[in-house]
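File shown: final_14.cif (mmCIF, C-alpha atoms).
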```cif
data_final
#
loop_
_atom_site.group_PDB
_atom_site.id
_atom_site.type_symbol
_atom_site.label_atom_id
_atom_site.label_comp_id
_atom_site.auth_asym_id
_atom_site.auth_seq_id
_atom_site.Cartn_x
_atom_site.Cartn_y
_atom_site.Cartn_z
ATOM 1 C CA MET A 140 -80.873 59.954 19.009
ATOM 2 C CA MET A 141 -77.450 60.665 17.515
ATOM 3 C CA ILE A 142 -74.614 58.264 18.304
ATOM 4 C CA THR A 143 -71.310 60.023 18.990
ATOM 5 C CA HIS A 144 -67.933 58.548 18.072
ATOM 6 C CA ASN A 145 -67.274 57.805 21.748
ATOM 7 C CA ASP A 146 -70.651 56.033 21.912
ATOM 8 C CA LYS A 147 -69.609 53.925 18.940
ATOM 9 C CA LYS A 148 -66.297 53.008 20.582
ATOM 10 C CA GLN A 149 -68.099 51.880 23.741
ATOM 11 C CA ILE A 150 -70.673 49.900 21.751
ATOM 12 C CA ALA A 151 -67.862 48.139 19.871
ATOM 13 C CA LEU A 152 -65.901 47.377 23.044
ATOM 14 C CA ASP A 153 -69.008 46.033 24.822
ATOM 15 C CA THR A 154 -69.896 43.865 21.821
ATOM 16 C CA ILE A 155 -66.375 42.412 21.605
ATOM 17 C CA ALA A 156 -66.515 41.701 25.350
ATOM 18 C CA LYS A 157 -69.685 39.668 24.730
ATOM 19 C CA TYR A 158 -67.885 37.801 21.947
ATOM 20 C CA GLN A 159 -65.019 37.011 24.313
ATOM 21 C CA ALA A 160 -67.469 35.722 26.925
ATOM 22 C CA LYS A 161 -68.915 33.344 24.323
ATOM 23 C CA ARG A 162 -65.435 32.091 23.469
ATOM 24 C CA LEU A 163 -64.728 31.433 27.143
ATOM 25 C CA GLU A 164 -67.929 29.402 27.405
ATOM 26 C CA ALA A 165 -67.135 27.454 24.228
ATOM 27 C CA TYR A 166 -63.626 26.524 25.395
ATOM 28 C CA ARG A 167 -64.845 25.462 28.827
ATOM 29 C CA LYS A 168 -67.464 23.188 27.262
ATOM 30 C CA MET A 169 -65.192 21.667 24.624
ATOM 31 C CA LYS A 170 -64.770 17.892 24.762
ATOM 32 C CA LEU A 171 -62.604 15.362 22.963
ATOM 33 C CA SER A 172 -65.727 13.975 21.273
ATOM 34 C CA GLN A 173 -66.011 17.245 19.305
ATOM 35 C CA LEU A 174 -62.547 16.729 17.885
ATOM 36 C CA LEU A 175 -63.280 13.100 17.027
ATOM 37 C CA GLY A 176 -66.115 14.416 14.859
ATOM 38 C CA LYS A 177 -63.542 15.905 12.487
ATOM 39 C CA ASP A 178 -62.511 13.915 9.410
ATOM 40 C CA VAL A 179 -59.461 11.906 10.511
ATOM 41 C CA LEU A 180 -58.676 11.065 6.874
ATOM 42 C CA LEU A 181 -58.256 14.756 6.092
ATOM 43 C CA PHE A 182 -55.592 15.147 8.766
ATOM 44 C CA ALA A 183 -53.835 11.892 7.880
ATOM 45 C CA ALA A 184 -53.630 12.975 4.234
ATOM 46 C CA ARG A 185 -52.100 16.242 5.430
ATOM 47 C CA GLY A 186 -49.279 14.359 7.130
ATOM 48 C CA VAL A 187 -50.516 14.105 10.716
ATOM 49 C CA THR A 188 -49.158 10.807 12.039
ATOM 50 C CA THR A 189 -49.775 10.839 15.796
ATOM 51 C CA ALA A 190 -52.875 11.033 17.943
ATOM 52 C CA SER A 191 -51.412 13.976 19.861
ATOM 53 C CA ALA A 192 -50.779 15.925 16.661
ATOM 54 C CA PHE A 193 -54.336 15.148 15.565
ATOM 55 C CA VAL A 194 -55.679 16.749 18.753
ATOM 56 C CA ASP A 195 -53.636 19.895 18.098
ATOM 57 C CA GLU A 196 -54.839 20.199 14.514
ATOM 58 C CA ALA A 197 -58.457 19.201 15.141
ATOM 59 C CA PHE A 198 -58.618 21.633 18.065
ATOM 60 C CA LYS A 199 -57.629 24.496 15.755
ATOM 61 C CA ALA A 200 -60.174 23.376 13.153
ATOM 62 C CA ALA A 201 -62.972 23.105 15.724
ATOM 63 C CA GLU A 202 -62.334 26.508 17.247
ATOM 64 C CA SER A 203 -61.903 28.136 13.839
ATOM 65 C CA SER A 204 -65.289 26.977 12.540
ATOM 66 C CA SER A 205 -67.125 28.132 15.651
ATOM 67 C CA GLU A 206 -65.170 31.398 15.884
ATOM 68 C CA GLU A 207 -66.023 32.415 12.340
ATOM 69 C CA THR A 208 -69.726 31.849 12.984
ATOM 70 C CA ILE A 209 -69.713 33.763 16.267
ATOM 71 C CA MET A 210 -67.603 36.623 14.879
ATOM 72 C CA GLY A 211 -69.889 36.845 11.856
ATOM 73 C CA ASN A 212 -72.862 37.206 14.188
ATOM 74 C CA THR A 213 -70.902 39.736 16.246
ATOM 75 C CA ARG A 214 -70.213 41.895 13.203
ATOM 76 C CA GLN A 215 -73.885 41.773 12.280
ATOM 77 C CA GLU A 216 -74.848 42.813 15.801
ATOM 78 C CA LEU A 217 -72.336 45.656 15.603
ATOM 79 C CA ALA A 218 -73.781 46.842 12.305
ATOM 80 C CA ILE A 219 -77.265 47.010 13.812
ATOM 81 C CA LEU A 220 -76.140 48.773 16.988
ATOM 82 C CA LEU A 221 -73.847 51.249 15.220
ATOM 83 C CA SER A 222 -76.396 52.091 12.535
ATOM 84 C CA ASN A 223 -78.819 53.669 15.014
ATOM 85 C CA SER A 224 -81.323 51.205 13.627
ATOM 86 C CA ALA A 225 -85.013 51.678 14.262
ATOM 87 C CA ASP A 226 -85.086 48.258 15.916
ATOM 88 C CA THR A 227 -82.763 45.428 16.926
ATOM 89 C CA GLY A 228 -84.455 42.740 14.863
ATOM 90 C CA ASP A 229 -84.627 43.253 11.114
ATOM 91 C CA MET A 230 -82.332 46.203 10.495
ATOM 92 C CA THR A 231 -84.215 49.328 9.430
ATOM 93 C CA VAL A 232 -82.361 52.597 8.898
ATOM 94 C CA VAL A 233 -83.075 56.005 7.431
ATOM 95 C CA ARG A 234 -80.449 57.404 5.077
ATOM 96 C CA GLU A 235 -80.858 60.602 3.020
ATOM 97 C CA GLY A 236 -84.585 60.638 3.726
ATOM 98 C CA VAL A 237 -85.110 57.026 2.599
ATOM 99 C CA LYS A 238 -86.198 54.294 5.004
ATOM 100 C CA TYR A 239 -84.255 51.154 4.143
ATOM 101 C CA TYR A 240 -85.151 47.604 5.107
ATOM 102 C CA CYS A 241 -81.819 45.788 5.317
ATOM 103 C CA GLU A 242 -80.560 42.244 5.321
ATOM 104 C CA ILE A 243 -76.988 41.652 6.549
ATOM 105 C CA LYS A 244 -74.807 38.782 5.367
ATOM 106 C CA SER A 245 -71.292 38.044 6.596
ATOM 107 C CA GLN A 246 -69.706 37.129 3.265
ATOM 108 C CA THR A 247 -70.475 37.174 -0.436
ATOM 109 C CA ASN A 248 -70.431 33.352 -0.610
ATOM 110 C CA THR A 249 -73.629 33.365 1.456
ATOM 111 C CA THR A 250 -75.439 35.130 -1.363
ATOM 112 C CA ASN A 251 -75.556 32.501 -4.114
ATOM 113 C CA PHE A 252 -78.570 32.584 -6.401
ATOM 114 C CA GLY A 253 -80.895 30.499 -4.237
ATOM 115 C CA SER A 254 -80.194 32.321 -0.993
ATOM 116 C CA LEU A 255 -80.188 35.691 -2.781
ATOM 117 C CA ALA A 256 -83.707 35.115 -4.070
ATOM 118 C CA ALA A 257 -84.886 34.137 -0.582
ATOM 119 C CA VAL A 258 -83.349 37.280 0.926
ATOM 120 C CA LEU A 259 -84.866 39.507 -1.749
ATOM 121 C CA GLN A 260 -88.287 37.948 -1.175
ATOM 122 C CA GLU A 261 -88.108 38.942 2.482
ATOM 123 C CA LEU A 262 -86.970 42.457 1.619
ATOM 124 C CA LYS A 263 -89.709 42.850 -0.993
ATOM 125 C CA TYR A 264 -92.323 41.733 1.517
ATOM 126 C CA ASP A 265 -91.110 44.338 4.029
ATOM 127 C CA VAL A 266 -91.052 47.096 1.420
ATOM 128 C CA ASP A 267 -94.474 46.226 -0.038
ATOM 129 C CA HIS A 268 -96.025 45.904 3.430
ATOM 130 C CA ASP A 269 -94.655 49.280 4.487
ATOM 131 C CA GLN A 270 -95.753 51.021 1.297
ATOM 132 C CA SER A 271 -99.271 49.648 1.682
ATOM 133 C CA SER A 272 -99.605 50.868 5.278
ATOM 134 C CA ALA A 273 -102.211 53.534 5.878
ATOM 135 C CA HIS A 274 -99.745 55.976 7.452
ATOM 136 C CA ARG A 275 -97.507 55.845 4.368
ATOM 137 C CA THR A 276 -99.941 58.008 2.419
ATOM 138 C CA VAL A 277 -99.539 60.638 5.125
ATOM 139 C CA THR A 278 -95.768 60.589 5.660
ATOM 140 C CA ASN A 279 -94.926 60.074 1.983
ATOM 141 C CA GLN A 280 -91.502 58.759 3.030
ATOM 142 C CA ARG A 281 -89.593 56.873 0.383
ATOM 143 C CA ILE A 282 -88.955 53.188 1.074
ATOM 144 C CA GLY A 283 -85.982 51.123 -0.092
ATOM 145 C CA ALA A 284 -84.239 47.789 0.378
ATOM 146 C CA ALA A 285 -80.558 47.090 0.951
ATOM 147 C CA LEU A 286 -78.465 43.926 0.995
ATOM 148 C CA LEU A 287 -75.378 44.471 3.158
ATOM 149 C CA ILE A 288 -72.196 42.357 3.111
ATOM 150 C CA SER A 289 -70.254 43.022 6.299
ATOM 151 C CA ARG A 290 -67.006 41.233 5.481
ATOM 152 C CA SER A 291 -65.735 41.700 1.960
ATOM 153 C CA THR A 292 -62.550 42.954 0.304
ATOM 154 C CA LYS A 293 -64.709 44.540 -2.405
ATOM 155 C CA THR A 294 -66.038 48.023 -1.711
ATOM 156 C CA ILE A 295 -69.338 48.231 -3.589
ATOM 157 C CA ASP A 296 -72.327 50.548 -3.313
ATOM 158 C CA GLU A 297 -74.688 50.227 -6.230
ATOM 159 C CA SER A 298 -78.337 49.890 -7.189
ATOM 160 C CA ARG A 299 -79.359 46.527 -8.600
ATOM 161 C CA VAL A 300 -82.495 45.145 -10.228
ATOM 162 C CA PHE A 301 -83.607 41.519 -10.161
ATOM 163 C CA HIS A 302 -84.562 40.132 -13.573
ATOM 164 C CA CYS A 303 -86.038 36.709 -14.326
ATOM 165 C CA ASP A 304 -83.789 36.234 -17.348
ATOM 166 C CA SER A 305 -83.311 32.476 -17.127
ATOM 167 C CA VAL A 306 -85.394 29.340 -16.682
ATOM 168 C CA ALA A 307 -83.901 28.814 -13.218
ATOM 169 C CA LYS A 308 -85.215 32.201 -12.118
ATOM 170 C CA GLN A 309 -88.783 31.676 -13.300
ATOM 171 C CA PRO A 310 -90.014 30.456 -9.875
ATOM 172 C CA TYR A 311 -89.111 33.921 -8.583
ATOM 173 C CA SER A 312 -91.074 35.898 -11.154
ATOM 174 C CA MET A 313 -92.633 37.935 -8.343
ATOM 175 C CA LEU A 314 -89.214 39.570 -7.915
ATOM 176 C CA GLU A 315 -89.052 40.802 -11.517
ATOM 177 C CA GLY A 316 -87.983 44.433 -11.529
ATOM 178 C CA PHE A 317 -87.331 44.580 -7.775
ATOM 179 C CA HIS A 318 -84.832 47.344 -6.984
ATOM 180 C CA TYR A 319 -82.413 47.051 -4.096
ATOM 181 C CA ARG A 320 -79.162 48.547 -2.953
ATOM 182 C CA TYR A 321 -76.096 46.284 -2.718
ATOM 183 C CA ILE A 322 -73.414 47.553 -0.323
ATOM 184 C CA SER A 323 -70.304 45.627 0.702
ATOM 185 C CA GLY A 324 -66.993 45.997 2.479
ATOM 186 C CA ARG A 325 -65.830 49.435 3.513
ATOM 187 C CA ALA A 326 -68.767 51.061 1.749
ATOM 188 C CA MET A 327 -71.136 49.111 3.990
ATOM 189 C CA TRP A 328 -69.399 50.143 7.198
ATOM 190 C CA ARG A 329 -69.219 53.767 6.069
ATOM 191 C CA TRP A 330 -72.925 53.673 5.248
ATOM 192 C CA VAL A 331 -73.791 51.988 8.533
ATOM 193 C CA ALA A 332 -71.389 53.537 11.035
ATOM 194 C CA ASP A 333 -69.188 56.086 9.254
ATOM 195 C CA VAL A 334 -66.041 53.958 9.741
ATOM 196 C CA ASP A 335 -64.051 51.830 7.284
ATOM 197 C CA ASP A 336 -64.197 48.831 9.630
ATOM 198 C CA PRO A 337 -65.292 48.302 13.256
ATOM 199 C CA ILE A 338 -61.656 47.476 14.035
ATOM 200 C CA GLU A 339 -61.047 51.228 14.024
ATOM 201 C CA LEU A 340 -63.323 51.558 17.042
ATOM 202 C CA VAL A 341 -61.431 49.092 19.242
ATOM 203 C CA GLN A 342 -57.835 49.999 18.462
ATOM 204 C CA PRO A 343 -55.228 49.538 19.787
ATOM 205 C CA LEU A 344 -56.048 45.869 19.354
ATOM 206 C CA ALA A 345 -53.417 44.802 21.878
ATOM 207 C CA LYS A 346 -55.577 46.361 24.602
ATOM 208 C CA LEU A 347 -58.633 44.203 23.966
ATOM 209 C CA ASP A 348 -57.722 42.231 27.100
ATOM 210 C CA GLY A 349 -57.823 38.784 25.535
ATOM 211 C CA GLY A 350 -55.513 37.281 28.127
ATOM 212 C CA GLN A 351 -58.294 35.404 29.899
ATOM 213 C CA VAL A 352 -59.481 33.922 26.607
ATOM 214 C CA ALA A 353 -55.918 32.811 25.797
ATOM 215 C CA LYS A 354 -55.568 31.167 29.227
ATOM 216 C CA VAL A 355 -58.870 29.300 29.012
ATOM 217 C CA ARG A 356 -58.002 28.234 25.461
ATOM 218 C CA ALA A 357 -54.676 26.791 26.649
ATOM 219 C CA ASP A 358 -56.431 25.026 29.524
ATOM 220 C CA ALA A 359 -58.953 23.506 27.098
ATOM 221 C CA LEU A 360 -56.235 22.188 24.794
ATOM 222 C CA SER A 361 -54.364 20.711 27.753
ATOM 223 C CA ARG A 362 -57.577 19.054 28.924
ATOM 224 C CA MET A 363 -58.079 17.554 25.435
ATOM 225 C CA HIS A 364 -54.617 16.003 25.574
ATOM 226 C CA GLN A 365 -55.194 14.616 29.052
ATOM 227 C CA GLU A 366 -58.489 13.083 27.965
ATOM 228 C CA LEU A 367 -56.809 11.639 24.870
ATOM 229 C CA GLN A 368 -54.013 9.998 26.841
ATOM 230 C CA LYS A 369 -56.500 8.474 29.273
ATOM 231 C CA ARG A 370 -58.611 7.052 26.424
ATOM 232 C CA LEU A 371 -55.529 5.635 24.697
ATOM 233 C CA LYS A 372 -54.339 4.034 27.932
ATOM 234 C CA ASP A 373 -57.755 2.562 28.768
ATOM 235 C CA LEU A 374 -58.014 0.997 25.320
ATOM 236 C CA LYS A 375 -54.315 0.036 25.177
ATOM 237 C CA LEU A 376 -53.759 2.061 22.024
ATOM 238 C CA ASN A 377 -50.574 3.698 20.759
ATOM 239 C CA ASP A 378 -50.138 7.407 20.145
ATOM 240 C CA ASP A 379 -50.644 7.216 16.395
ATOM 241 C CA ILE A 380 -53.226 8.411 13.889
ATOM 242 C CA ASP A 381 -54.767 4.951 13.492
ATOM 243 C CA SER A 382 -55.636 5.019 17.174
ATOM 244 C CA ILE A 383 -57.711 8.133 16.524
ATOM 245 C CA TYR A 384 -59.753 6.115 14.058
ATOM 246 C CA GLU A 385 -60.276 3.468 16.747
ATOM 247 C CA LEU A 386 -61.537 6.202 19.093
ATOM 248 C CA VAL A 387 -63.810 7.531 16.362
ATOM 249 C CA LYS A 388 -65.378 4.091 16.007
ATOM 250 C CA THR A 389 -66.315 4.104 19.700
ATOM 251 C CA THR A 390 -68.541 7.132 19.006
ATOM 252 C CA TRP A 391 -70.597 5.354 16.333
ATOM 253 C CA CYS A 392 -74.233 4.704 17.223
#
```

Would you kindly transcribe this structure into structure tokens?
Amino acid sequence: MMITHNDKKQIALDTIAKYQAKRLEAYRKMKLSQLLGKDVLLFAARGVTTASAFVDEAFKAAESSSEETIMGNTRQELAILLSNSADTGDMTVVREGVKYYCEIKSQTNTTNFGSLAAVLQELKYDVDHDQSSAHRTVTNQRIGAALLISRSTKTIDESRVFHCDSVAKQPYSMLEGFHYRYISGRAMWRWVADVDDPIELVQPLAKLDGGQVAKVRADALSRMHQELQKRLKDLKLNDDIDSIYELVKTTWC
């Protein structure tokens, strides 16, 4: 079934709404103990001198790390939904008469040599299994593999071949000569959804209705400060960075 541009816009809006719901849940569940898990030395070396300032900075760090993970997963979900994929598990699409088994990664730094080999092994298994299926001799459809990078400033669409050209690669000799397509950045989104970026589908961004998320975020930060002040008072500690270290020690098992 063809997906119209309006369908794509609705899919993107619904997916972002799910992301926002996850952020609401994360903020409502956030506790001071999560912030105390951050490296107090890092903040002290940056010039943070009070316990209150630590909470502000650690709060931003905690939300940033979780947001990037959730948004990465959201972009991957969008790619699958917008691609008109054959399924919602491992992404499988047909482009120009070729059935591609795809693996999506959020960023290029998730594709170092070790993880790349693992990904290619999975793709090779899918391709080999499909080509050996009985129905393949009847349909005669070409099969391919594609590694997709959803968030990259580099726009790349090229065919690559894995070669065991070093001692470190010898354990992966079964991948020798394996062909796959590498697509990143805007090229990936064009290939998947015929847009340069999913942002285009949810503009204007100011109308994403993030007001509730902003309110719950502010409430969570206020709650962190209230919990901090209570802990400092109970333990008769001052509002300084060394007191954060004293609170950290109370979490040790």

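Distances to A:Lys147 were evaluated for A:Glu261, A:Glu339, A:Asp379, A:Asp358 using all atoms listed in the file, and the minimum falls at A:Glu339.
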
Axis-aligned box for stretch 257-274 of chain A, 8 Å per side, centre and edges in Å as lines of an AutoDock Vina configuration file:
```
center_x = -92.8
center_y = 45.1
center_z = 2.9
size_x = 34.9
size_y = 37.8
size_z = 25.2
```

Report task. Please measure the separation of atom CA of A:Gln246 and atom CA of A:Ala326, giving the value in Å to one decimal. Result ->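 Value for the atom CA of A:Gln246-atom CA of A:Ala326 distance: 14.0 Å.
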
Report summary line: What separates atom CA of A:Ser172 and atom CA of A:Thr390 is a distance of 7.7 Å

Around the point (-65.6, 36.1, 20.8) in the file's coordinates, collect all residues with an atom within 9 Å, using all atoms listed in the file, and return them as a compact mmCIF listing (two decimals) with C-alpha atoms, keeping the file's coordinate frame.
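This went into part20.txt:
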```
# COMPACT_ATOMS: atom_id res chain seq x y z
CA THR A 154 -69.90 43.86 21.82
CA ILE A 155 -66.38 42.41 21.60
CA ALA A 156 -66.52 41.70 25.35
CA LYS A 157 -69.68 39.67 24.73
CA TYR A 158 -67.89 37.80 21.95
CA GLN A 159 -65.02 37.01 24.31
CA ALA A 160 -67.47 35.72 26.92
CA LYS A 161 -68.92 33.34 24.32
CA ARG A 162 -65.44 32.09 23.47
CA LEU A 163 -64.73 31.43 27.14
CA GLU A 206 -65.17 31.40 15.88
CA ILE A 209 -69.71 33.76 16.27
CA MET A 210 -67.60 36.62 14.88
CA THR A 213 -70.90 39.74 16.25
CA VAL A 352 -59.48 33.92 26.61
```

Query raised in the report: Given the choices A:Glu315, A:Asp335, A:Asp269, A:Glu207, which gets closest to A:Thr231 if the distance is worked out from all atoms listed in the file?
Result: A:Asp269

Query raised in the report: So how far away is atom CA of A:Tyr239 from atom CA of A:Arg281, in Å?
Result: 8.7 Å

Do you know which residues the PyMOL selection byres ((chain A and resi 220) around 12) returns on this file, as a compact mmCIF listing (two decimals) with C-alpha atoms, in the frame of the given file?
```txt
# COMPACT_ATOMS: atom_id res chain seq x y z
CA MET A 141 -77.45 60.66 17.52
CA ILE A 142 -74.61 58.26 18.30
CA ASP A 146 -70.65 56.03 21.91
CA LYS A 147 -69.61 53.92 18.94
CA LYS A 148 -66.30 53.01 20.58
CA GLN A 149 -68.10 51.88 23.74
CA ILE A 150 -70.67 49.90 21.75
CA ALA A 151 -67.86 48.14 19.87
CA LEU A 152 -65.90 47.38 23.04
CA ASP A 153 -69.01 46.03 24.82
CA THR A 154 -69.90 43.86 21.82
CA THR A 213 -70.90 39.74 16.25
CA ARG A 214 -70.21 41.90 13.20
CA GLN A 215 -73.89 41.77 12.28
CA GLU A 216 -74.85 42.81 15.80
CA LEU A 217 -72.34 45.66 15.60
CA ALA A 218 -73.78 46.84 12.30
CA ILE A 219 -77.26 47.01 13.81
CA LEU A 221 -73.85 51.25 15.22
CA SER A 222 -76.40 52.09 12.54
CA ASN A 223 -78.82 53.67 15.01
CA SER A 224 -81.32 51.20 13.63
CA ALA A 225 -85.01 51.68 14.26
CA ASP A 226 -85.09 48.26 15.92
CA THR A 227 -82.76 45.43 16.93
CA GLY A 228 -84.46 42.74 14.86
CA ASP A 229 -84.63 43.25 11.11
CA MET A 230 -82.33 46.20 10.50
CA THR A 231 -84.22 49.33 9.43
CA VAL A 232 -82.36 52.60 8.90
CA TRP A 328 -69.40 50.14 7.20
CA VAL A 331 -73.79 51.99 8.53
CA ALA A 332 -71.39 53.54 11.04
CA PRO A 337 -65.29 48.30 13.26
```

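In terms of minimum interatomic distance to A:Ser245, A:Met327 ranks closest within A:Glu202, A:Gln260, A:Asp296, A:Met327, counting all atoms listed in the file.
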
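Closest approach to A:Ser323 from the set A:Lys293, A:Arg362, A:Lys372, A:His144 is made by A:Lys293, with distances taken over all atoms listed in the file.
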
Residues at most 9 Å from stretch 183-196 of chain A, counting all atoms listed in the file, excluding those fewer than 3 positions away in the same chain, as a PDB file with C-alpha atoms, keeping the file's coordinate frame?
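The new file out-v3.pdb reads:
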```
ATOM      1  CA  LEU A 171     -62.604  15.362  22.963  1.00  0.00           C
ATOM      2  CA  LEU A 174     -62.547  16.729  17.885  1.00  0.00           C
ATOM      3  CA  LEU A 175     -63.280  13.100  17.027  1.00  0.00           C
ATOM      4  CA  VAL A 179     -59.461  11.906  10.511  1.00  0.00           C
ATOM      5  CA  LEU A 180     -58.676  11.065   6.874  1.00  0.00           C
ATOM      6  CA  LYS A 199     -57.629  24.496  15.755  1.00  0.00           C
ATOM      7  CA  ALA A 200     -60.174  23.376  13.153  1.00  0.00           C
ATOM      8  CA  ALA A 201     -62.972  23.105  15.724  1.00  0.00           C
ATOM      9  CA  LEU A 360     -56.235  22.188  24.794  1.00  0.00           C
ATOM     10  CA  MET A 363     -58.079  17.554  25.435  1.00  0.00           C
ATOM     11  CA  HIS A 364     -54.617  16.003  25.574  1.00  0.00           C
ATOM     12  CA  LEU A 367     -56.809  11.639  24.870  1.00  0.00           C
ATOM     13  CA  GLN A 368     -54.013   9.998  26.841  1.00  0.00           C
ATOM     14  CA  ASN A 377     -50.574   3.698  20.759  1.00  0.00           C
ATOM     15  CA  ASP A 378     -50.138   7.407  20.145  1.00  0.00           C
ATOM     16  CA  ASP A 379     -50.644   7.216  16.395  1.00  0.00           C
ATOM     17  CA  ILE A 380     -53.226   8.411  13.889  1.00  0.00           C
ATOM     18  CA  ASP A 381     -54.767   4.951  13.492  1.00  0.00           C
ATOM     19  CA  SER A 382     -55.636   5.019  17.174  1.00  0.00           C
ATOM     20  CA  ILE A 383     -57.711   8.133  16.524  1.00  0.00           C
TER      21      ILE A 383
END
```

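With all atoms listed in the file taken into account, every residue lying no more than 9 Å from the file point (-82.0, 33.6, -7.4) is included here: A:Asn251, A:Phe252, A:Gly253, A:Ser254, A:Leu255, A:Ala256, A:Ala257, A:Leu259, A:Phe301, A:Cys303, A:Ala307, A:Lys308, A:Pro310, A:Tyr311.
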
Report task. Using only C-alpha atoms, pick whichever of A:Arg320, A:Ser291, A:Val355, A:Lys238 has the shortest atom-to-atom distance to A:Arg167. Result ->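 So, comparing all the options, the nearest one is A:Val355.
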
Report task. Name the closest residue to A:His268 among the candidates A:Ser203, A:Asp348, A:Thr294, A:Gly283; distances are taken between atoms, counting all atoms listed in the file. Result -> A:Gly283

Query raised in the report: Evaluating the PyMOL selection byres ((chain A and resi 287) around 7) on the displayed file yields which residues, as a PyMOL selection string?
Result: chain A and resi 241-244+285-286+288-289+321-323+327
